[in-house]
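The structure under discussion appears below in the form of structure tokens.
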Amino acid sequence: MRYLTPPPGFKDYLPKEVEKIRLVEDTIRKVSESFGYREVITPTLEYADVIQLGTNTKDDTILYKVIDRDGALLSIRPEFTTSIARLVTTRYKNEKEPFRFYYIGKVFRNIQSQPLMQKEFTQGGAELIGESSLFGDIEIISLIEEIFERLNLPIHIEVSHARIIPAIIEVTSPLILEAIKSGDFVSIKSYINDKNILSFIEELPFLSGGKEIIDEVQGYVKYIPGLEEPLEQLSKFILNLEDLGYKRTKINLGVIRDFEYYTGITFEGYIEGLGLPVVGGGRYDELLERFGVSLPATGFAIGIERVAGRILKEESEPDLIIGYTLEKFREAMNLAQTKRKENLKVEMILCSKEEELNDKKGRSKIFLC
Amino acid sequence: MLAIALPSGRMLDDCVKLFESANIYFPKEILESRKLSGKSGNLNFLVCKPKDVPIYVEYGTADIGIVGKDVLLEENPQVYELYDLGIGRCKIVVAIPNEANPEELFSKDDIIRVATKYPKITREFFNKRGISIEILNLSGSIELAPVTGIADVIVDIVSTGRTLRENNLKVWEEIAISSARLIANRASLHIKAEEIKSVLRRLKEVRQPL
């Protein structure tokens with residue numbers, strides 16, 4: 001035994017924090033179900049090959065791996081989307097799409113842990129599989145807005161498109177990918193000669209707003225032809241959302257998602273005062289094909305502990321404390337059971353005199369002696 | 001209000017000059033006292049160790065920051081790197097003793113010992129070259145290491161090269177060029193885009209040509 005504390009990146013959550021976490025989870029659950037999504041539970045461990053096939057990342061050092069008794073290499077899930085893609089392509093092969101599933105569970109990433117960047121954390125999210133139209137993306141955004149509205153947390157959802165970076169690469173160099181992914185808008189410049197393309201990239205992190213942003217960058221399409229389609233989709237998307245009255249979402253072409261599997265509309269959500277995104281997601285039309293069934297899909301995941309940390313809520317306490325002496329146990333127990341049936345939270349404390357029941361929280365107390 | 005983290009030490013003077021030429025008032029009390037933060041207009045300046053600048057920015061305690069590319073390469077923080085400010089230019093190099101012959105040095109049977117405060121950059125560089133090394137992680141005065149024999153070579157930043165010369169060292173290879181970068185927190189860049197853009201615009205206007 002080395003220490004009595006959890007290892008770095010893992011932690012204990014006390015009742016006060018757990019209540020907030022459960023509140024966020026319950027909200028995700030209720031809202032997702034109100035949109036017709038049903039909950040699935042996938043295993044914590046998957047074949048490492050499956051995870052690799054889904055996330056397709058060169059850097060697998062973030063994965064926790066274990067060897068099964070038959071020698072197979074297993075990996076603890078770093079996210080849910082891959083598992084759900086596997087589940088749908090194997091268990092729902094012969095059923096008619098669309099499929100609407102949501103999940104809530106722990107994921108594990110072997111990263112350098114920091115406050116707000118735990119190795120173990122809870123994700124809650126939903127996947128809409130088999131719906132290729134823009135209405136699918138709109139449904140996902142409206143679902144997220146509804147969750148944060150109910151939690152009374154103002155969310156800023158920033159929407160971009162996964163095809164924008166490939167469009168730039170097509171007219172420049174594949175070398176810019178690593179730089180863009182790490183948010184480095186400086187070294188990108190050394191790979192680009194065309195000053196029009198350069199000025200687009202310099203603007204990229206600041207291209208945010210409503211439909212007007214799309215009009216503003218329309219001029220770049222003649223230098224970066226691949227922009228045309230994503231811009232058209234974003235334009236339709238944002239007009240629809242504005243029309244429906246969803247106000248927390250805007251376009252931001254500077255948003256770059258880490259996961260490689262995105263193919264269309266992508267997004268991140270921020271809460272003021274928190275430097276990291278609390279929700280992310282997007283369209284991944286080619287992921288399920290890797291598992292043998294070609295189906296379009298879109299979805300999101302919320303970092304539940306990060307959101308929970310922003311919720312203001314008093315810790316809840318038992319409604320009633322019953323103090324009792326040894327002789328009064330039966331009487332106290334009967335009283336407690338009656339009150340519990342009335343939906344009160346009742347705590348029983350064995351004590352010898354009434355003073356021992358004094359606590360500072362001012363809860364209702366009954367003393368039987 | 002925009003919080004901006006600046007590196008203490010050598011680069012701070014350059015940063016202050018940069019702000020002054022951009023007509024952004026830098027709170028004098030930071031320079032004249034031991035205060036580590038001060039407000040000016042809608043900017044709140046925080047001064048911390050260069051290595052800590054990306055940490056303040058990553059958490060959003062500072063919305064933006066100024067830090068050397070060397071630190072970014074070493075720490076690999078999740079921040080947006082927006083602009084090369086052109087100040088604090090230097091090179092990250094592998095330096096060896098003047099009398100050493102690199103071919104002999106790197107082909108000898110013993111594992112080379114490298115002193116540095118950039119373990120990650122060092123590890124990556126030598127891995128790529130297929131040279132086995134042992135890293136001695138020091139926090140300053142790296143040039144002392146080969147002189148005393150505690151290490152064979154060093155990886156460090158050089159600007160004029162004077163310290164190398166005076167300690168009987170020469171540059172063997174350049175690993176990267178570094179200069180000060182304006183970095184931004186991911187959320188701040190989205191939520192406070194206008195304010196950040198305005199600071200960036202003013203700094204761009206006064207940037208010295210390369």
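Chain labels follow the order of the structure tokens: the first chain is A, the next B, and so on; residue numbering restarts at 1 in every chain, and ligands are counted from 1 in their shown order.
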
(message) Quick check: residues of chain A within 12 Å of chain B, only C-alpha atoms, returned as JSON, numbers by chain.
(response) {"A": [112, 114, 115, 116, 117, 154, 155, 156, 157, 158, 159, 179, 180, 181, 182, 183, 184, 185, 186, 187, 188, 189, 190, 201, 202, 203, 204, 205, 206, 207, 208, 209, 248, 249, 250, 251, 252, 253, 254, 255, 256, 257, 258, 267, 268, 269, 270, 271, 272, 273, 274, 275, 276, 277, 278, 279]}

(message) I'd like the neighbourhood of Pro7 of chain B as an MDAnalysis selection string, where a residue qualifies if any of its atoms comes within 12 Å (using only C-alpha atoms), though same-chain residues fewer than 3 positions away should be ignored.
(response) chainID B and resid 4 10:16 36:37 45:57 64:68 71 88 180:182

Secondary structure check, strand (DSSP E or B) residues of segment 75-162 of chain B, as a tab-separated table (two decimals) with all heavy atoms, in the first residue's frame:
chain	number	residue	atom	x	y	z
B	80	TYR	N	-5.39	27.82	-27.72
B	80	TYR	CA	-5.22	28.30	-29.08
B	80	TYR	C	-3.97	29.16	-29.15
B	80	TYR	O	-3.75	30.02	-28.30
B	80	TYR	CB	-6.42	29.14	-29.53
B	80	TYR	CG	-7.59	28.34	-29.99
B	80	TYR	CD1	-8.70	28.17	-29.17
B	80	TYR	CD2	-7.60	27.75	-31.25
B	80	TYR	CE1	-9.79	27.44	-29.60
B	80	TYR	CE2	-8.69	27.02	-31.68
B	80	TYR	CZ	-9.78	26.86	-30.86
B	80	TYR	OH	-10.86	26.15	-31.28
B	81	GLU	N	-3.16	28.92	-30.18
B	81	GLU	CA	-1.97	29.73	-30.38
B	81	GLU	C	-2.30	30.67	-31.53
B	81	GLU	O	-2.44	30.25	-32.68
B	81	GLU	CB	-0.83	28.78	-30.75
B	81	GLU	CG	0.51	29.41	-30.83
B	81	GLU	CD	1.57	28.37	-31.22
B	81	GLU	OE1	1.39	27.18	-30.93
B	81	GLU	OE2	2.54	28.77	-31.87
B	82	LEU	N	-2.46	31.96	-31.22
B	82	LEU	CA	-3.06	32.85	-32.21
B	82	LEU	C	-2.07	33.61	-33.06
B	82	LEU	O	-2.32	33.91	-34.21
B	82	LEU	CB	-3.97	33.87	-31.50
B	82	LEU	CG	-5.20	33.32	-30.80
B	82	LEU	CD1	-5.95	34.45	-30.14
B	82	LEU	CD2	-6.09	32.59	-31.79
B	83	TYR	N	-0.94	34.01	-32.44
B	83	TYR	CA	-0.13	34.97	-33.17
B	83	TYR	C	1.31	34.92	-32.70
B	83	TYR	O	1.58	34.74	-31.51
B	83	TYR	CB	-0.71	36.38	-32.95
B	83	TYR	CG	-0.12	37.43	-33.85
B	83	TYR	CD1	-0.23	37.33	-35.22
B	83	TYR	CD2	0.55	38.52	-33.31
B	83	TYR	CE1	0.32	38.29	-36.06
B	83	TYR	CE2	1.10	39.50	-34.13
B	83	TYR	CZ	0.98	39.36	-35.51
B	83	TYR	OH	1.52	40.31	-36.33
B	84	ASP	N	2.23	35.09	-33.64
B	84	ASP	CA	3.65	35.16	-33.33
B	84	ASP	C	4.00	36.63	-33.11
B	84	ASP	O	3.98	37.42	-34.05
B	84	ASP	CB	4.45	34.58	-34.51
B	84	ASP	CG	5.94	34.60	-34.25
B	84	ASP	OD1	6.38	35.25	-33.29
B	84	ASP	OD2	6.68	33.96	-35.01
B	90	CYS	N	14.53	33.15	-30.01
B	90	CYS	CA	15.67	32.33	-29.63
B	90	CYS	C	15.57	31.00	-30.34
B	90	CYS	O	14.60	30.73	-31.03
B	90	CYS	CB	15.72	32.13	-28.11
B	90	CYS	SG	14.25	31.34	-27.47
B	91	LYS	N	16.62	30.19	-30.20
B	91	LYS	CA	16.62	28.87	-30.83
B	91	LYS	C	16.74	27.82	-29.75
B	91	LYS	O	17.44	28.01	-28.76
B	91	LYS	CB	17.81	28.74	-31.78
B	91	LYS	CG	17.65	29.57	-33.03
B	91	LYS	CD	18.95	29.58	-33.80
B	91	LYS	CE	18.77	30.41	-35.07
B	91	LYS	NZ	20.08	30.75	-35.64
B	92	ILE	N	16.07	26.69	-29.96
B	92	ILE	CA	16.28	25.55	-29.08
B	92	ILE	C	17.32	24.69	-29.78
B	92	ILE	O	17.12	24.28	-30.92
B	92	ILE	CB	14.99	24.74	-28.87
B	92	ILE	CG1	13.87	25.68	-28.40
B	92	ILE	CG2	15.22	23.61	-27.88
B	92	ILE	CD1	12.50	25.05	-28.43
B	93	VAL	N	18.46	24.46	-29.11
B	93	VAL	CA	19.55	23.76	-29.78
B	93	VAL	C	20.10	22.62	-28.92
B	93	VAL	O	19.89	22.58	-27.71
B	93	VAL	CB	20.73	24.72	-30.08
B	93	VAL	CG1	20.27	25.90	-30.94
B	93	VAL	CG2	21.38	25.21	-28.78
B	94	VAL	N	20.82	21.73	-29.60
B	94	VAL	CA	21.65	20.77	-28.90
B	94	VAL	C	23.06	21.35	-28.93
B	94	VAL	O	23.56	21.67	-30.01
B	94	VAL	CB	21.66	19.39	-29.61
B	94	VAL	CG1	22.48	18.39	-28.78
B	94	VAL	CG2	20.25	18.89	-29.84
B	95	ALA	N	23.65	21.55	-27.77
B	95	ALA	CA	25.00	22.10	-27.74
B	95	ALA	C	25.95	21.06	-27.14
B	95	ALA	O	25.57	20.31	-26.24
B	95	ALA	CB	25.04	23.37	-26.92
B	96	ILE	N	27.17	21.05	-27.71
B	96	ILE	CA	28.17	20.08	-27.25
B	96	ILE	C	29.47	20.82	-26.93
B	96	ILE	O	29.65	21.95	-27.37
B	96	ILE	CB	28.43	18.99	-28.33
B	96	ILE	CG1	28.97	19.65	-29.62
B	96	ILE	CG2	27.16	18.23	-28.65
B	96	ILE	CD1	29.35	18.65	-30.69
B	97	PRO	N	30.36	20.21	-26.16
B	97	PRO	CA	31.63	20.88	-25.85
B	97	PRO	C	32.40	21.21	-27.13
B	97	PRO	O	32.35	20.44	-28.10
B	97	PRO	CB	32.39	19.85	-25.01
B	97	PRO	CG	31.33	18.99	-24.42
B	97	PRO	CD	30.23	18.94	-25.43
B	112	ILE	N	24.49	8.53	-24.03
B	112	ILE	CA	24.76	9.95	-23.88
B	112	ILE	C	23.87	10.54	-22.78
B	112	ILE	O	22.68	10.24	-22.72
B	112	ILE	CB	24.41	10.69	-25.20
B	112	ILE	CG1	25.27	10.17	-26.34
B	112	ILE	CG2	24.53	12.20	-25.05
B	112	ILE	CD1	26.69	10.63	-26.24
B	113	ARG	N	24.47	11.35	-21.94
B	113	ARG	CA	23.65	12.02	-20.92
B	113	ARG	C	23.40	13.46	-21.34
B	113	ARG	O	24.34	14.21	-21.61
B	113	ARG	CB	24.31	11.95	-19.56
B	113	ARG	CG	23.38	12.41	-18.46
B	113	ARG	CD	24.02	12.35	-17.12
B	113	ARG	NE	24.14	10.98	-16.63
B	113	ARG	CZ	24.85	10.69	-15.54
B	113	ARG	NH1	25.50	11.62	-14.88
B	113	ARG	NH2	24.91	9.44	-15.12
B	114	VAL	N	22.10	13.85	-21.39
B	114	VAL	CA	21.72	15.18	-21.86
B	114	VAL	C	21.11	15.99	-20.72
B	114	VAL	O	20.13	15.55	-20.11
B	114	VAL	CB	20.69	15.10	-23.01
B	114	VAL	CG1	20.45	16.47	-23.61
B	114	VAL	CG2	21.16	14.12	-24.07
B	115	ALA	N	21.69	17.14	-20.43
B	115	ALA	CA	21.12	18.01	-19.40
B	115	ALA	C	20.17	19.00	-20.08
B	115	ALA	O	20.48	19.56	-21.13
B	115	ALA	CB	22.22	18.77	-18.69
B	116	THR	N	19.00	19.22	-19.50
B	116	THR	CA	18.03	20.14	-20.11
B	116	THR	C	16.93	20.50	-19.13
B	116	THR	O	16.71	19.82	-18.12
B	116	THR	CB	17.39	19.47	-21.35
B	116	THR	OG1	16.59	20.44	-22.02
B	116	THR	CG2	16.53	18.28	-20.97
B	133	ILE	N	19.58	8.13	-25.15
B	133	ILE	CA	20.07	9.13	-24.21
B	133	ILE	C	19.49	8.91	-22.83
B	133	ILE	O	18.53	8.18	-22.64
B	133	ILE	CB	19.69	10.57	-24.65
B	133	ILE	CG1	18.17	10.69	-24.82
B	133	ILE	CG2	20.42	10.96	-25.90
B	133	ILE	CD1	17.68	12.11	-24.70
B	134	GLU	N	20.11	9.59	-21.89
B	134	GLU	CA	19.61	9.62	-20.53
B	134	GLU	C	19.39	11.10	-20.23
B	134	GLU	O	20.28	11.91	-20.53
B	134	GLU	CB	20.71	9.07	-19.62
B	134	GLU	CG	20.27	8.49	-18.33
B	134	GLU	CD	21.46	7.79	-17.67
B	134	GLU	OE1	22.39	8.51	-17.26
B	134	GLU	OE2	21.47	6.57	-17.60
B	135	ILE	N	18.23	11.47	-19.72
B	135	ILE	CA	17.96	12.90	-19.53
B	135	ILE	C	18.23	13.30	-18.08
B	135	ILE	O	17.79	12.64	-17.14
B	135	ILE	CB	16.52	13.24	-19.92
B	135	ILE	CG1	16.37	13.10	-21.44
B	135	ILE	CG2	16.13	14.65	-19.48
B	135	ILE	CD1	15.00	13.32	-21.96
B	136	LEU	N	18.98	14.38	-17.93
B	136	LEU	CA	19.21	14.95	-16.61
B	136	LEU	C	18.38	16.23	-16.57
B	136	LEU	O	18.68	17.19	-17.26
B	136	LEU	CB	20.70	15.26	-16.44
B	136	LEU	CG	21.10	15.83	-15.08
B	136	LEU	CD1	20.94	14.78	-14.00
B	136	LEU	CD2	22.55	16.30	-15.13
B	137	ASN	N	17.30	16.20	-15.77
B	137	ASN	CA	16.36	17.30	-15.78
B	137	ASN	C	16.80	18.40	-14.81
B	137	ASN	O	16.60	18.28	-13.61
B	137	ASN	CB	14.99	16.73	-15.39
B	137	ASN	CG	13.87	17.62	-15.84
B	137	ASN	OD1	14.10	18.75	-16.28
B	137	ASN	ND2	12.66	17.12	-15.73
B	153	VAL	N	26.11	16.48	-23.14
B	153	VAL	CA	25.63	17.56	-24.00
B	153	VAL	C	24.42	18.22	-23.32
B	153	VAL	O	23.94	17.73	-22.30
B	153	VAL	CB	25.20	17.03	-25.39
B	153	VAL	CG1	26.33	16.28	-26.07
B	153	VAL	CG2	23.98	16.12	-25.29
B	154	ILE	N	23.95	19.33	-23.93
B	154	ILE	CA	22.76	19.98	-23.36
B	154	ILE	C	21.75	20.28	-24.46
B	154	ILE	O	22.10	20.35	-25.64
B	154	ILE	CB	23.10	21.30	-22.63
B	154	ILE	CG1	23.63	22.36	-23.63
B	154	ILE	CG2	24.10	21.07	-21.52
B	154	ILE	CD1	23.69	23.77	-23.03
B	155	VAL	N	20.50	20.42	-24.06
B	155	VAL	CA	19.47	20.98	-24.94
B	155	VAL	C	18.95	22.21	-24.22
B	155	VAL	O	18.49	22.12	-23.08
B	155	VAL	CB	18.33	19.98	-25.21
B	155	VAL	CG1	17.15	20.67	-25.86
B	155	VAL	CG2	18.82	18.85	-26.10
B	156	ASP	N	19.08	23.37	-24.87
B	156	ASP	CA	18.65	24.60	-24.20
B	156	ASP	C	18.33	25.67	-25.24
B	156	ASP	O	18.58	25.47	-26.43
B	156	ASP	CB	19.75	25.10	-23.26
B	156	ASP	CG	19.17	26.01	-22.16
B	156	ASP	OD1	17.93	26.08	-22.04
B	156	ASP	OD2	19.96	26.64	-21.43
B	157	ILE	N	17.81	26.81	-24.78
B	157	ILE	CA	17.57	27.91	-25.71
B	157	ILE	C	18.80	28.82	-25.74
B	157	ILE	O	19.47	29.02	-24.73
B	157	ILE	CB	16.32	28.73	-25.34
B	157	ILE	CG1	16.33	29.12	-23.86
B	157	ILE	CG2	15.07	27.98	-25.66
B	157	ILE	CD1	15.29	30.16	-23.51
B	158	VAL	N	19.08	29.35	-26.94
B	158	VAL	CA	20.15	30.34	-27.06
B	158	VAL	C	19.60	31.53	-27.83
B	158	VAL	O	18.81	31.37	-28.76
B	158	VAL	CB	21.38	29.81	-27.81
B	158	VAL	CG1	22.10	28.78	-27.00
B	158	VAL	CG2	21.03	29.25	-29.17

(message) Could you tell me how far atom CA of Ile311 of chain A sits from atom CA of Lys345 of chain A, in Å to one decimal place?
(response)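 These two atoms are separated by 22.9 Å.
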
(request) Name all residues at most 9 Å from segment 23-29 of chain B (count only C-alpha atoms; drop same-chain ones fewer than 2 positions away) and give them as a PyMOL selection string. (result) chain B and resi 16+18-21+31-41+45+199+202

Let me see the file: selected residues, C-alpha atoms, as a short mmCIF file (atom, residue, chain, number, x, y, z; two decimals), in the first residue's frame.
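Result saved to part.cif:
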data_model
loop_
_atom_site.label_atom_id
_atom_site.label_comp_id
_atom_site.auth_asym_id
_atom_site.auth_seq_id
_atom_site.Cartn_x
_atom_site.Cartn_y
_atom_site.Cartn_z
CA VAL B 16 5.75 45.84 -21.51
CA LEU B 18 5.09 45.92 -26.82
CA PHE B 19 2.02 47.03 -24.86
CA GLU B 20 3.32 50.56 -24.54
CA SER B 21 3.87 50.86 -28.27
CA LEU B 31 7.16 46.57 -12.15
CA GLU B 32 7.77 48.76 -9.14
CA SER B 33 6.54 46.50 -6.39
CA ARG B 34 6.11 42.83 -5.68
CA LYS B 35 2.51 42.85 -6.83
CA LEU B 36 1.84 40.11 -9.34
CA SER B 37 -1.37 41.46 -10.81
CA GLY B 38 -2.86 44.79 -11.77
CA LYS B 39 -5.72 46.27 -13.78
CA SER B 40 -5.59 48.66 -16.67
CA GLY B 41 -8.79 49.56 -18.50
CA PHE B 45 -2.57 41.60 -16.04
CA VAL B 199 -6.15 43.23 -28.31
CA ARG B 202 -3.55 46.38 -31.64
#

(message) Using Å and a single decimal, report how far atom CA of Phe135 of chain A sits from atom CA of Asn240 of chain A.
(response) 8.9 Å

(request) Pull the helix (DSSP H, G or I) assignments for segment 42-199 of chain B out of DSSP run on the backbone, and list those residues as JSON, numbers by chain. (result) {"B": [50, 51, 52, 53, 54, 55, 56, 57, 58, 59, 69, 70, 71, 72, 73, 74, 75, 102, 103, 104, 105, 106, 107, 119, 120, 121, 122, 123, 124, 125, 126, 127, 128, 129, 144, 145, 146, 147, 148, 162, 163, 164, 165, 166, 186, 187, 188, 189, 190, 191, 193, 194, 195, 196, 197, 198, 199]}

(request) Might you pull out every residue within 10 Å of Gly264 of chain A, with only C-alpha atoms counted and same-chain residues fewer than 6 positions away left off, and present them as a VMD selection string? (result) chain A and resid 134 137 160 to 164 230 233 to 234 282 to 285 297 to 298

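Using only C-alpha atoms, the contacts of Ala72 of chain A at a cut-off of 12 Å, with sequence neighbours closer than 3 positions omitted, comprise Leu45, Glu46, Tyr47, Ala48, Asp49, Val50, Lys65, Val66, Ile67, Asp68, Arg69 and Ser75 of chain A.
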
(request) Give me, please, the distance in Å between atom CA of Tyr92 of chain A and atom CA of Ile140 of chain A, quoted to one decimal. (result)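 Separating atom CA of Tyr92 of chain A from atom CA of Ile140 of chain A is a distance of 21.3 Å.
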